[in-house]
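Colleague: Data: run-v1.txt, compact mmCIF, C-alpha atoms.
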```txt
# COMPACT_ATOMS: atom_id res chain seq x y z
CA MET A 1 -37.26 -40.30 -21.15
CA SER A 2 -35.06 -41.51 -18.31
CA SER A 3 -33.32 -44.14 -20.34
CA VAL A 4 -31.40 -41.67 -22.52
CA GLU A 5 -28.66 -41.79 -19.90
CA ARG A 6 -27.87 -45.41 -20.66
CA PRO A 7 -24.48 -46.28 -22.14
CA ILE A 8 -24.03 -47.01 -25.81
CA GLY A 9 -25.10 -50.42 -26.92
CA SER A 10 -27.88 -50.73 -24.41
CA THR A 11 -29.79 -47.70 -25.59
CA ASP A 12 -33.47 -48.22 -25.28
CA ARG A 13 -34.67 -48.74 -28.76
CA GLU A 14 -38.08 -47.35 -28.06
CA VAL A 15 -36.69 -44.08 -26.81
CA GLU A 16 -34.49 -43.97 -29.83
CA THR A 17 -37.39 -44.66 -32.16
CA GLU A 18 -39.55 -42.09 -30.49
CA LEU A 19 -36.89 -39.44 -30.81
CA PHE A 20 -36.42 -40.25 -34.47
CA LYS A 21 -40.13 -39.92 -35.09
CA ARG A 22 -39.95 -36.35 -33.83
CA LEU A 23 -37.41 -35.51 -36.51
CA PRO A 24 -36.69 -33.57 -38.61
CA ASP A 25 -38.55 -30.65 -37.07
CA ASP A 26 -37.82 -31.18 -33.40
CA ALA A 27 -34.45 -29.68 -32.59
CA GLU A 28 -34.60 -30.94 -29.06
CA ALA A 29 -35.01 -34.54 -30.16
CA ARG A 30 -32.09 -34.13 -32.46
CA GLY A 31 -30.00 -32.71 -29.65
CA ARG A 32 -30.89 -35.63 -27.43
CA LEU A 33 -29.90 -38.11 -30.08
CA VAL A 34 -26.59 -36.35 -30.54
CA GLU A 35 -26.04 -36.47 -26.81
CA MET A 36 -26.92 -40.15 -26.64
CA PHE A 37 -24.53 -41.13 -29.36
CA LEU A 38 -21.73 -38.67 -28.72
CA PRO A 39 -19.78 -41.31 -26.77
CA LEU A 40 -19.94 -43.53 -29.83
CA ALA A 41 -18.55 -40.74 -32.02
CA GLU A 42 -15.80 -40.05 -29.52
CA TYR A 43 -14.96 -43.70 -29.22
CA LEU A 44 -14.63 -44.09 -32.98
CA ALA A 45 -12.62 -40.88 -33.30
CA ARG A 46 -10.14 -42.26 -30.79
CA ARG A 47 -9.69 -45.32 -32.94
CA PHE A 48 -8.40 -43.04 -35.67
CA ASP A 49 -6.07 -41.26 -33.31
CA ARG A 50 -2.30 -41.73 -33.59
CA ARG A 51 -2.37 -40.63 -37.19
CA GLY A 52 -1.06 -37.22 -36.38
CA GLU A 53 -4.42 -35.50 -36.29
CA PRO A 54 -5.50 -33.68 -33.11
CA LEU A 55 -8.17 -35.74 -31.38
CA GLU A 56 -10.57 -32.81 -31.11
CA ASP A 57 -10.53 -32.46 -34.89
CA LEU A 58 -11.29 -36.14 -35.28
CA VAL A 59 -14.16 -35.86 -32.83
CA GLN A 60 -15.50 -32.99 -34.92
CA VAL A 61 -15.35 -35.13 -38.03
CA ALA A 62 -17.00 -38.01 -36.19
CA CYS A 63 -19.77 -35.64 -35.07
CA VAL A 64 -20.40 -34.59 -38.65
CA GLY A 65 -20.77 -38.29 -39.40
CA LEU A 66 -23.14 -38.68 -36.48
CA LEU A 67 -25.31 -35.75 -37.60
CA ASN A 68 -25.47 -37.15 -41.11
CA ALA A 69 -26.43 -40.52 -39.69
CA ILE A 70 -29.20 -38.96 -37.61
CA ASP A 71 -30.56 -37.07 -40.59
CA ARG A 72 -30.48 -40.03 -42.91
CA PHE A 73 -31.58 -42.77 -40.58
CA ASP A 74 -34.81 -44.47 -41.48
CA VAL A 75 -36.59 -45.85 -38.42
CA GLU A 76 -38.60 -48.21 -40.58
CA ARG A 77 -35.48 -50.11 -41.50
CA ASP A 78 -34.62 -53.11 -39.45
CA VAL A 79 -31.25 -51.76 -38.39
CA GLN A 80 -30.18 -50.47 -35.02
CA PHE A 81 -29.25 -46.84 -35.16
CA SER A 82 -25.94 -47.46 -33.37
CA THR A 83 -24.90 -49.86 -36.14
CA TYR A 84 -25.94 -47.45 -38.84
CA ALA A 85 -24.26 -44.54 -37.07
CA ALA A 86 -21.01 -46.43 -36.56
CA VAL A 87 -20.79 -47.20 -40.26
CA THR A 88 -21.54 -43.60 -41.21
CA ILE A 89 -19.09 -42.15 -38.69
CA ILE A 90 -16.28 -44.48 -39.72
CA GLY A 91 -17.00 -43.61 -43.33
CA GLU A 92 -16.72 -39.92 -42.52
CA LEU A 93 -13.42 -40.43 -40.67
CA LYS A 94 -11.95 -42.48 -43.48
CA ARG A 95 -13.04 -39.96 -46.04
CA HIS A 96 -11.43 -37.25 -43.96
CA PHE A 97 -8.10 -39.05 -44.10
CA ARG A 98 -8.40 -40.00 -47.73
CA ASP A 99 -9.67 -36.80 -49.29
CA LYS A 100 -8.08 -34.06 -47.37
CA GLY A 101 -4.49 -34.08 -48.35
CA TRP A 102 -1.82 -32.84 -46.07
CA ALA A 103 -2.72 -29.28 -46.95
CA ILE A 104 -5.64 -29.55 -44.62
CA ARG A 105 -4.36 -31.91 -42.02
CA VAL A 106 -0.96 -30.46 -41.20
CA PRO A 107 -0.89 -27.46 -38.90
CA ARG A 108 -0.25 -24.35 -40.94
CA ARG A 109 2.99 -23.51 -39.18
CA LEU A 110 4.43 -26.94 -39.98
CA GLN A 111 3.31 -26.68 -43.57
CA GLU A 112 5.11 -23.40 -43.93
CA VAL A 113 8.26 -24.77 -42.38
CA GLY A 114 8.01 -27.87 -44.55
CA LEU A 115 7.71 -25.79 -47.67
CA ARG A 116 10.63 -23.64 -46.68
CA VAL A 117 12.76 -26.70 -45.92
CA ASN A 118 11.99 -28.05 -49.36
CA ALA A 119 13.02 -24.78 -50.93
CA VAL A 120 16.13 -24.33 -48.83
CA LEU A 121 17.54 -27.85 -49.13
CA PRO A 122 18.76 -27.68 -52.73
CA GLU A 123 20.00 -24.12 -52.19
CA LEU A 124 22.09 -25.04 -49.19
CA SER A 125 23.36 -28.26 -50.74
CA GLN A 126 24.64 -26.24 -53.65
CA GLU A 127 26.33 -23.65 -51.45
CA LEU A 128 27.94 -26.13 -49.10
CA GLY A 129 28.78 -28.77 -51.65
CA ARG A 130 27.12 -31.33 -49.39
CA SER A 131 23.81 -31.98 -47.76
CA PRO A 132 23.22 -29.45 -44.94
CA THR A 133 22.77 -30.36 -41.29
CA VAL A 134 19.51 -29.73 -39.49
CA GLU A 135 21.11 -26.79 -37.66
CA GLU A 136 22.10 -25.22 -40.94
CA ILE A 137 18.62 -25.74 -42.36
CA ALA A 138 17.09 -24.26 -39.22
CA ALA A 139 19.29 -21.19 -39.40
CA ARG A 140 18.40 -20.59 -43.03
CA CYS A 141 14.69 -21.14 -42.46
CA GLU A 142 14.67 -18.99 -39.35
CA ALA A 143 13.08 -21.83 -37.45
CA SER A 144 14.29 -23.94 -34.57
CA PRO A 145 15.84 -27.36 -35.19
CA GLU A 146 12.78 -28.79 -33.42
CA GLU A 147 10.49 -27.23 -35.97
CA ILE A 148 12.59 -28.62 -38.79
CA LEU A 149 12.37 -32.07 -37.24
CA ASP A 150 8.63 -31.73 -36.75
CA ALA A 151 8.24 -30.72 -40.36
CA MET A 152 10.30 -33.70 -41.51
CA GLU A 153 8.22 -35.95 -39.34
CA ALA A 154 5.03 -34.42 -40.63
CA VAL A 155 6.02 -34.99 -44.21
CA GLN A 156 6.64 -38.65 -43.40
CA ALA A 157 3.54 -39.17 -41.31
CA TYR A 158 0.89 -37.04 -42.91
CA SER A 159 1.43 -37.43 -46.55
CA THR A 160 -1.32 -39.19 -48.39
CA THR A 161 1.05 -39.82 -51.26
CA SER A 162 1.42 -43.52 -51.64
CA LEU A 163 3.35 -45.76 -53.92
CA ASP A 164 0.33 -45.77 -56.17
CA SER A 165 0.60 -42.07 -56.90
CA PRO A 166 0.85 -41.28 -60.55
CA VAL A 167 4.40 -41.05 -61.73
CA GLY A 168 3.87 -37.73 -63.38
CA GLU A 169 3.04 -36.02 -60.11
CA GLU A 170 5.38 -33.21 -59.11
CA GLY A 171 6.87 -33.26 -62.56
CA ALA A 172 8.76 -36.49 -62.24
CA ALA A 173 11.15 -37.05 -65.09
CA PRO A 174 10.25 -39.77 -67.55
CA ILE A 175 11.71 -43.11 -66.72
CA GLU A 176 14.61 -44.10 -68.88
CA GLY A 177 16.22 -47.48 -69.03
CA LEU A 178 14.35 -48.77 -66.07
CA GLY A 179 11.83 -51.13 -67.58
CA GLY A 180 10.72 -54.28 -65.83
CA ASP A 181 13.40 -56.24 -67.65
CA ASP A 182 16.23 -54.00 -66.63
CA PRO A 183 19.19 -56.38 -66.67
CA SER A 184 20.87 -54.49 -63.87
CA LEU A 185 18.39 -56.00 -61.46
CA GLU A 186 19.65 -59.45 -62.22
CA ILE A 187 23.28 -58.50 -61.88
CA LEU A 188 23.14 -58.49 -58.14
CA GLU A 189 22.10 -61.81 -56.72
CA GLY A 190 20.59 -60.32 -53.62
CA TRP A 191 18.25 -58.18 -55.64
CA ALA A 192 17.41 -60.90 -58.09
CA SER A 193 15.46 -62.64 -55.37
CA VAL A 194 13.10 -59.70 -55.23
CA ALA A 195 13.13 -58.95 -58.95
CA PRO A 196 9.49 -60.02 -59.40
CA ALA A 197 8.48 -57.66 -56.62
CA VAL A 198 10.64 -54.91 -58.02
CA LYS A 199 8.77 -55.24 -61.29
CA GLU A 200 5.52 -54.63 -59.46
CA LEU A 201 6.75 -51.37 -58.04
CA PRO A 202 5.38 -48.18 -59.50
CA GLU A 203 7.89 -46.73 -61.88
CA ARG A 204 8.96 -43.90 -59.67
CA GLY A 205 9.63 -46.20 -56.73
CA ARG A 206 11.70 -48.43 -58.96
CA ARG A 207 13.60 -45.51 -60.33
CA VAL A 208 14.43 -44.13 -56.89
CA LEU A 209 15.49 -47.59 -55.74
CA TYR A 210 17.69 -47.95 -58.77
CA LEU A 211 19.31 -44.55 -58.37
CA ARG A 212 19.96 -45.05 -54.68
CA PHE A 213 21.17 -48.62 -54.58
CA PHE A 214 22.55 -49.29 -58.03
CA ARG A 215 23.90 -45.94 -59.02
CA GLY A 216 24.74 -44.94 -55.45
CA LEU A 217 23.26 -41.46 -55.71
CA THR A 218 22.50 -39.57 -52.50
CA GLN A 219 18.96 -38.60 -51.69
CA SER A 220 19.59 -34.98 -52.67
CA GLU A 221 20.99 -36.06 -56.01
CA ILE A 222 17.98 -38.28 -56.59
CA ALA A 223 15.66 -35.44 -55.68
CA LYS A 224 17.26 -33.29 -58.35
CA GLU A 225 17.23 -36.05 -60.94
CA VAL A 226 13.66 -37.21 -60.35
CA GLY A 227 12.30 -33.74 -59.78
CA VAL A 228 10.73 -34.17 -56.36
CA SER A 229 11.73 -32.84 -52.97
CA GLN A 230 14.33 -34.67 -50.96
CA MET A 231 11.88 -35.45 -48.22
CA HIS A 232 9.70 -37.02 -50.84
CA VAL A 233 12.60 -39.18 -51.99
CA SER A 234 13.10 -40.35 -48.44
CA ARG A 235 9.45 -41.24 -48.21
CA ILE A 236 9.45 -43.10 -51.51
CA LEU A 237 12.52 -45.05 -50.42
CA SER A 238 11.06 -46.14 -47.12
CA GLN A 239 7.79 -47.14 -48.76
CA THR A 240 9.64 -49.04 -51.45
CA LEU A 241 11.82 -50.95 -49.01
CA SER A 242 8.90 -51.90 -46.84
CA PHE A 243 6.93 -52.95 -49.92
CA LEU A 244 9.79 -55.23 -50.91
CA ARG A 245 9.94 -56.72 -47.42
CA GLY A 246 6.24 -57.48 -47.61
CA ALA A 247 6.38 -58.81 -51.15
CA VAL A 248 9.20 -61.19 -50.41
CA LEU A 249 7.22 -62.45 -47.47
CA GLU A 250 4.20 -63.33 -49.57
CA GLU A 251 6.07 -65.62 -51.85
CA GLY A 252 8.63 -66.46 -49.23
CA ASP A 253 9.40 -69.83 -47.83
CA PRO A 254 6.47 -71.69 -46.31
CA LEU A 255 8.16 -72.00 -42.92
CA ARG A 256 7.72 -68.31 -42.45
CA GLU A 257 4.09 -67.59 -42.93
CA ALA A 258 2.67 -64.16 -43.12
CA GLU A 259 3.43 -62.36 -39.93
CA PRO A 260 2.76 -58.76 -39.18
CA HIS A 261 6.23 -57.59 -38.48
CA GLY A 262 8.22 -58.17 -41.57
CA ALA A 263 9.68 -60.60 -44.00
CA ASP A 264 12.72 -62.69 -44.32
CA LEU A 265 14.69 -61.13 -47.07
CA ASP A 266 17.26 -63.85 -47.42
CA GLU A 267 17.86 -65.96 -50.41
CA PRO A 268 15.59 -68.97 -50.20
CA MET B 269 32.87 -32.92 -28.59
CA ALA B 270 32.36 -32.76 -24.85
CA SER B 271 28.63 -32.52 -24.51
CA PRO B 272 25.90 -34.49 -22.81
CA MET B 273 25.26 -35.96 -26.24
CA ASN B 274 28.24 -38.21 -25.66
CA ASP B 275 26.09 -40.26 -23.37
CA VAL B 276 24.66 -43.46 -24.67
CA ILE B 277 20.93 -43.43 -25.29
CA THR B 278 19.16 -46.75 -24.99
CA VAL B 279 15.55 -47.38 -25.94
CA SER B 280 13.80 -50.72 -25.62
CA VAL B 281 10.48 -51.48 -27.24
CA PRO B 282 8.39 -54.61 -27.71
CA ALA B 283 9.73 -56.72 -30.56
CA MET B 284 6.94 -55.90 -32.99
CA SER B 285 6.89 -54.01 -36.25
CA GLY B 286 4.49 -51.53 -34.67
CA SER B 287 7.29 -50.33 -32.39
CA VAL B 288 9.81 -49.59 -35.10
CA HIS B 289 8.55 -46.06 -35.57
CA VAL B 290 9.64 -45.21 -32.04
CA LEU B 291 13.20 -46.27 -32.77
CA ARG B 292 13.13 -44.38 -36.05
CA ALA B 293 11.96 -41.23 -34.34
CA VAL B 294 14.59 -41.44 -31.61
CA THR B 295 17.29 -42.03 -34.20
CA THR B 296 16.26 -38.97 -36.16
CA SER B 297 16.02 -36.84 -33.10
CA VAL B 298 19.50 -37.75 -31.85
CA ALA B 299 21.13 -37.66 -35.28
CA ALA B 300 19.67 -34.25 -36.04
CA ARG B 301 21.48 -32.73 -33.10
CA LEU B 302 24.84 -33.87 -34.39
CA PRO B 303 26.68 -32.45 -37.38
CA ILE B 304 25.26 -35.08 -39.69
CA PRO B 305 23.99 -33.93 -43.06
CA PHE B 306 20.32 -34.24 -43.81
CA ASP B 307 20.95 -36.98 -46.37
CA GLY B 308 22.83 -38.94 -43.75
CA ILE B 309 20.05 -38.64 -41.20
CA GLU B 310 17.49 -39.88 -43.69
CA ASP B 311 19.73 -42.78 -44.65
CA LEU B 312 20.35 -43.70 -41.05
CA ARG B 313 16.65 -43.65 -40.36
CA LEU B 314 16.02 -45.97 -43.29
CA ALA B 315 18.83 -48.22 -42.10
CA VAL B 316 17.36 -48.51 -38.60
CA ASP B 317 14.05 -49.37 -40.21
CA GLU B 318 15.63 -52.03 -42.37
CA ALA B 319 17.72 -53.48 -39.54
CA CYS B 320 14.65 -53.76 -37.30
CA GLY B 321 12.64 -55.44 -40.05
CA TRP B 322 15.43 -57.90 -40.69
CA LEU B 323 15.94 -58.81 -37.05
CA LEU B 324 12.21 -59.18 -36.45
CA ALA B 325 11.73 -61.40 -39.47
CA ARG B 326 14.37 -63.78 -38.22
CA GLY B 327 13.53 -63.54 -34.55
CA ARG B 328 9.91 -64.34 -34.08
CA SER B 329 10.26 -65.41 -30.48
CA ALA B 330 11.97 -62.17 -29.50
CA THR B 331 10.16 -60.07 -26.94
CA ALA B 332 12.28 -56.94 -26.83
CA MET B 333 14.06 -54.88 -29.44
CA THR B 334 16.65 -52.38 -28.31
CA LEU B 335 18.25 -49.39 -29.95
CA ARG B 336 21.46 -48.02 -28.53
CA LEU B 337 22.66 -44.70 -29.85
CA ARG B 338 26.16 -43.58 -29.08
CA PRO B 339 27.32 -40.22 -30.35
CA LEU B 340 31.11 -40.18 -30.69
CA ASP B 341 33.49 -37.48 -31.83
CA ASP B 342 33.50 -38.50 -35.44
CA ARG B 343 30.44 -40.69 -35.83
CA LEU B 344 27.11 -41.81 -34.48
CA GLU B 345 26.75 -45.47 -33.63
CA ALA B 346 23.32 -47.02 -33.79
CA GLU B 347 23.00 -50.57 -32.61
CA VAL B 348 19.78 -52.49 -33.01
CA SER B 349 19.35 -55.79 -31.21
CA ILE B 350 16.69 -58.29 -30.27
CA ASP B 351 16.70 -60.71 -27.39
CA ALA B 352 16.20 -63.94 -29.33
CA ALA B 353 17.12 -65.33 -32.70
CA ASP B 354 15.20 -68.04 -34.50
CA GLY B 355 16.69 -67.91 -37.95
CA PRO B 356 20.36 -68.87 -38.08
CA TRP B 357 22.68 -65.94 -37.44
CA PRO B 358 24.57 -64.96 -39.36
CA PRO B 359 22.24 -65.90 -42.21
CA PRO B 360 23.77 -67.94 -45.01
CA ASP B 361 25.46 -65.81 -47.66
CA LEU B 362 25.23 -62.83 -45.39
CA GLU B 363 26.99 -60.41 -47.66
CA GLN B 364 24.91 -61.41 -50.66
CA SER B 365 21.64 -60.98 -48.84
CA LEU B 366 19.37 -58.10 -49.70
CA PRO B 367 19.16 -56.51 -46.25
CA TRP B 368 22.93 -56.50 -46.00
CA ARG B 369 23.25 -54.83 -49.37
CA ILE B 370 20.67 -52.24 -48.48
CA LEU B 371 22.28 -51.53 -45.13
CA SER B 372 25.78 -51.25 -46.59
CA ALA B 373 24.54 -48.67 -49.04
CA LEU B 374 22.94 -46.60 -46.31
CA VAL B 375 25.59 -46.38 -43.61
CA ASP B 376 29.34 -45.88 -43.39
CA THR B 377 30.13 -49.03 -41.47
CA LEU B 378 28.08 -52.07 -40.75
CA SER B 379 28.69 -55.09 -38.58
CA LEU B 380 26.75 -57.98 -37.22
CA ASN B 381 27.19 -59.45 -33.77
CA THR B 382 25.76 -62.82 -32.95
CA ASP B 383 26.17 -63.23 -29.25
CA GLU B 384 24.17 -65.87 -27.46
CA GLY B 385 21.88 -63.15 -26.09
CA GLY B 386 20.55 -62.40 -29.57
CA PRO B 387 21.84 -60.80 -32.74
CA SER B 388 22.67 -57.15 -33.02
CA ILE B 389 23.44 -54.94 -35.96
CA LEU B 390 25.81 -52.06 -35.50
CA LEU B 391 25.45 -49.16 -37.89
CA THR B 392 27.61 -46.07 -37.94
CA LYS B 393 27.23 -42.76 -39.66
CA ARG B 394 30.11 -40.31 -39.82
CA THR B 395 29.64 -36.79 -38.61
CA LEU B 396 31.10 -33.81 -40.45
CA GLU B 397 34.48 -32.61 -39.36
CA PRO B 398 34.10 -29.68 -36.98
CA SER B 399 35.72 -27.30 -39.47
CA ARG B 400 33.11 -28.13 -42.07
CA THR B 401 30.11 -27.17 -40.01
CA THR B 402 28.89 -23.67 -39.61
```
Could I get this file's structure written as structure tokens?

Modeller:
Amino acid sequence: MSSVERPIGSTDREVETELFKRLPDDAEARGRLVEMFLPLAEYLARRFDRRGEPLEDLVQVACVGLLNAIDRFDVERDVQFSTYAAVTIIGELKRHFRDKGWAIRVPRRLQEVGLRVNAVLPELSQELGRSPTVEEIAARCEASPEEILDAMEAVQAYSTTSLDSPVGEEGAAPIEGLGGDDPSLEILEGWASVAPAVKELPERGRRVLYLRFFRGLTQSEIAKEVGVSQMHVSRILSQTLSFLRGAVLEEGDPLREAEPHGADLDEP
Amino acid sequence: MASPMNDVITVSVPAMSGSVHVLRAVTTSVAARLPIPFDGIEDLRLAVDEACGWLLARGRSATAMTLRLRPLDDRLEAEVSIDAADGPWPPPDLEQSLPWRILSALVDTLSLNTDEGGPSILLTKRTLEPSRTT
């Protein structure tokens, strides 16, 4: 059993097979398999790093994937275990990011601060007659400005809410006068060039865009009108603008082919 | 406002869309320490995002993208630049173009510099008057 020390990818298949044959009753064999493929799990977990999740948590998720892979693997199949395990582990990691909304992935303290910020923002705006500064928000929330910033950042980074989210979520107001043929889009030449893309936007994104850039409302005003938090408005706006950049690129002029970093938004 | 915040903060990143988040984060962090309302910070962050995207799209041979933040008594200046321009600068019909419209809606003043070193976009956001802050 000396070859269990070998690095991933060059694992002796016979050892592997032998260990699998001792399953499911042999706990030691299972442990050895886990040990052998732990580096694979860690490697894959690291590839999902930078998404705001502590690496240890990701490694845990990857290990769950590895255990599932070990339990489900069928030695008779003509597949290397490492291949099968990688697919299972990646699946587990992806599912982790997809299913568990921010409620699970954001540290509790940040969630609490985030919730308080959302509650305090409209309150303070009303009292001050303008949008509050971060210091003012911090004072009201009894948190440090750093925590407020972290919470803002977390809302931006962690949220699984995408442009595809149903419009009704968070009690969004029904869309009025913002159909795909809204003439106001054609009024401004600059926007007319992206009108087709604008029509593809989910209704809420279009509505926020319209309120911000056509009606000139501030983000707090939009938040009130649409019925979502201000941080959510900010997120919708940034997603919408980057969607438009990408959409213009796709049908853009042939001299500028698809490139990862953005689109030329000029008139053709 | 005599504070260390009056110093200019300069951050350079590789000219790639993947670096934009760094500039966004630095912008937020600096803006949040000034008397700029929350709305304004969010708008400035969006504007930096948009300016970076615009410059990158028209400057494919650029290698570096730089953000310069300069807190002044009554405003925060944020200047985004890249070290090469491929598309013509200024673009034709500058003021009719979508990025320009978006940027003008997000910041208080907006100007474009097209030096030979590469284009730069200067954005400013006003701070609250001292008497208006708590």

Colleague: Which of these residues is nearest to chain A, using all atoms listed in the file: B:Ala332, B:Leu366, B:Leu371, B:Leu291?

Modeller: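 Ranked by minimum distance to chain A, first place goes to B:Leu366.
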
Colleague: Please report, as a tab-separated table, each residue of chain B lying at most 10 Å from chain A, together with the nearest pair of atoms and the separation in Å rounded to one decimal; use all atoms listed in the file, and order rows by chain and ascending residue number.

Modeller:
```
residue	atom	partner	partner_atom	distance
B:Ala283	CA	A:His261	CA	8.7
B:Met284	CA	A:His261	CA	5.8
B:Ser285	CA	A:His261	CA	4.3
B:Gly286	CA	A:His261	CA	7.4
B:Ser287	CA	A:His261	CA	9.5
B:Val288	CA	A:His261	CA	9.4
B:Ala293	CA	A:Glu153	CA	8.2
B:Thr296	CA	A:Leu149	CA	8.0
B:Ser297	CA	A:Leu149	CA	7.3
B:Ala299	CA	A:Val134	CA	9.1
B:Ala300	CA	A:Val134	CA	5.7
B:Arg301	CA	A:Val134	CA	7.3
B:Leu302	CA	A:Thr133	CA	8.0
B:Pro303	CA	A:Thr133	CA	5.9
B:Ile304	CA	A:Thr133	CA	5.6
B:Pro305	CA	A:Thr133	CA	4.2
B:Phe306	CA	A:Thr133	CA	5.2
B:Asp307	CA	A:Gln219	CA	5.9
B:Gly308	CA	A:Ser131	CA	8.1
B:Ile309	CA	A:Thr133	CA	8.7
B:Glu310	CA	A:Ser234	CA	6.5
B:Asp311	CA	A:Ser234	CA	8.0
B:Arg313	CA	A:Ser238	CA	9.1
B:Leu314	CA	A:Ser238	CA	6.3
B:Ala315	CA	A:Ser238	CA	9.5
B:Asp317	CA	A:Ser238	CA	8.2
B:Glu318	CA	A:Leu241	CA	7.7
B:Cys320	CA	A:Gly262	CA	8.9
B:Gly321	CA	A:Gly262	CA	5.4
B:Trp322	CA	A:Asp264	CA	6.6
B:Leu323	CA	A:Asp264	CA	8.8
B:Leu324	CA	A:His261	CA	6.5
B:Ala325	CA	A:Ala263	CA	5.0
B:Arg326	CA	A:Asp264	CA	6.4
B:Gly327	CA	A:Asp264	CA	9.8
B:Arg328	CA	A:His261	CA	8.9
B:Gly355	CA	A:Asp264	CA	9.1
B:Pro359	CA	A:Asp266	CA	7.5
B:Pro360	CA	A:Asp266	CA	8.1
B:Asp361	CA	A:Glu267	CA	8.1
B:Leu362	CA	A:Asp266	CA	8.3
B:Glu363	CA	A:Gly190	CA	8.7
B:Gln364	CA	A:Gly190	CA	5.3
B:Ser365	CA	A:Gly190	CA	4.9
B:Leu366	CA	A:Gly190	CA	4.7
B:Pro367	CA	A:Leu265	CA	6.5
B:Trp368	CA	A:Gly190	CA	8.8
B:Arg369	CA	A:Gly190	CA	7.4
B:Ile370	CA	A:Phe213	CA	7.1
B:Leu371	CA	A:Phe213	CA	10.0
B:Ser372	CA	A:Phe213	CA	9.6
B:Ala373	CA	A:Phe213	CA	6.5
B:Leu374	CA	A:Phe213	CA	8.7
B:Thr395	CA	A:Thr133	CA	9.8
B:Leu396	CA	A:Thr133	CA	9.1
B:Arg400	CA	A:Leu128	CA	9.0
B:Thr401	CA	A:Thr133	CA	8.1
B:Thr402	CA	A:Glu136	CA	7.1
```

Colleague: Would you work out the distance separating CA of Arg206 in chain A from CA of Ala151 in chain A, expressed in Å to one decimal?

Modeller: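 Taking CA of Arg206 in chain A and CA of Ala151 in chain A, their separation equals 25.9 Å.
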
Colleague: Using only C-alpha atoms for the distances, tell me which of A:Leu33, A:Leu93, A:Leu58, A:Val117 is nearest to Phe81 in chain A.

Modeller: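 Closest to Phe81 in chain A, using only C-alpha atoms: A:Leu33.
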
Colleague: For a cut-off of 6 Å around (-23.2, -43.1, -38.5), file coordinates, pick out all residues using all atoms listed in the file and list them as a VMD selection string.

Modeller: chain A and resid 65 to 66 69 84 to 89

Colleague: Mind giving me the straight-line distance from CA of Glu18 in chain A to CA of Ile90 in chain A in Å, one decimal?

Modeller: 25.1 Å

Colleague: Any idea what the distance is between CA of Val348 in chain B and CA of Leu391 in chain B?

Modeller: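 Separating CA of Val348 in chain B from CA of Leu391 in chain B is a distance of 8.2 Å.
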
Colleague: Taking (16.6, -47.5, -30.9) in the file's own coordinates, collect the residues within 8 Å, counting all atoms listed in the file, and hand them back as a ChimeraX atom specification.

Modeller: /B:278-280,290-292,294-295,316,333-337,346-348

Colleague: Output, as lines of an AutoDock Vina configuration file, the centre and edge lengths in Å (one decimal) of the axis-aligned box that contains all listed atoms of range 277-283 of chain B with 4 Å of margin on each side.

Modeller:
```
center_x = 14.7
center_y = -50.1
center_z = -27.8
size_x = 20.5
size_y = 21.3
size_z = 13.6
```
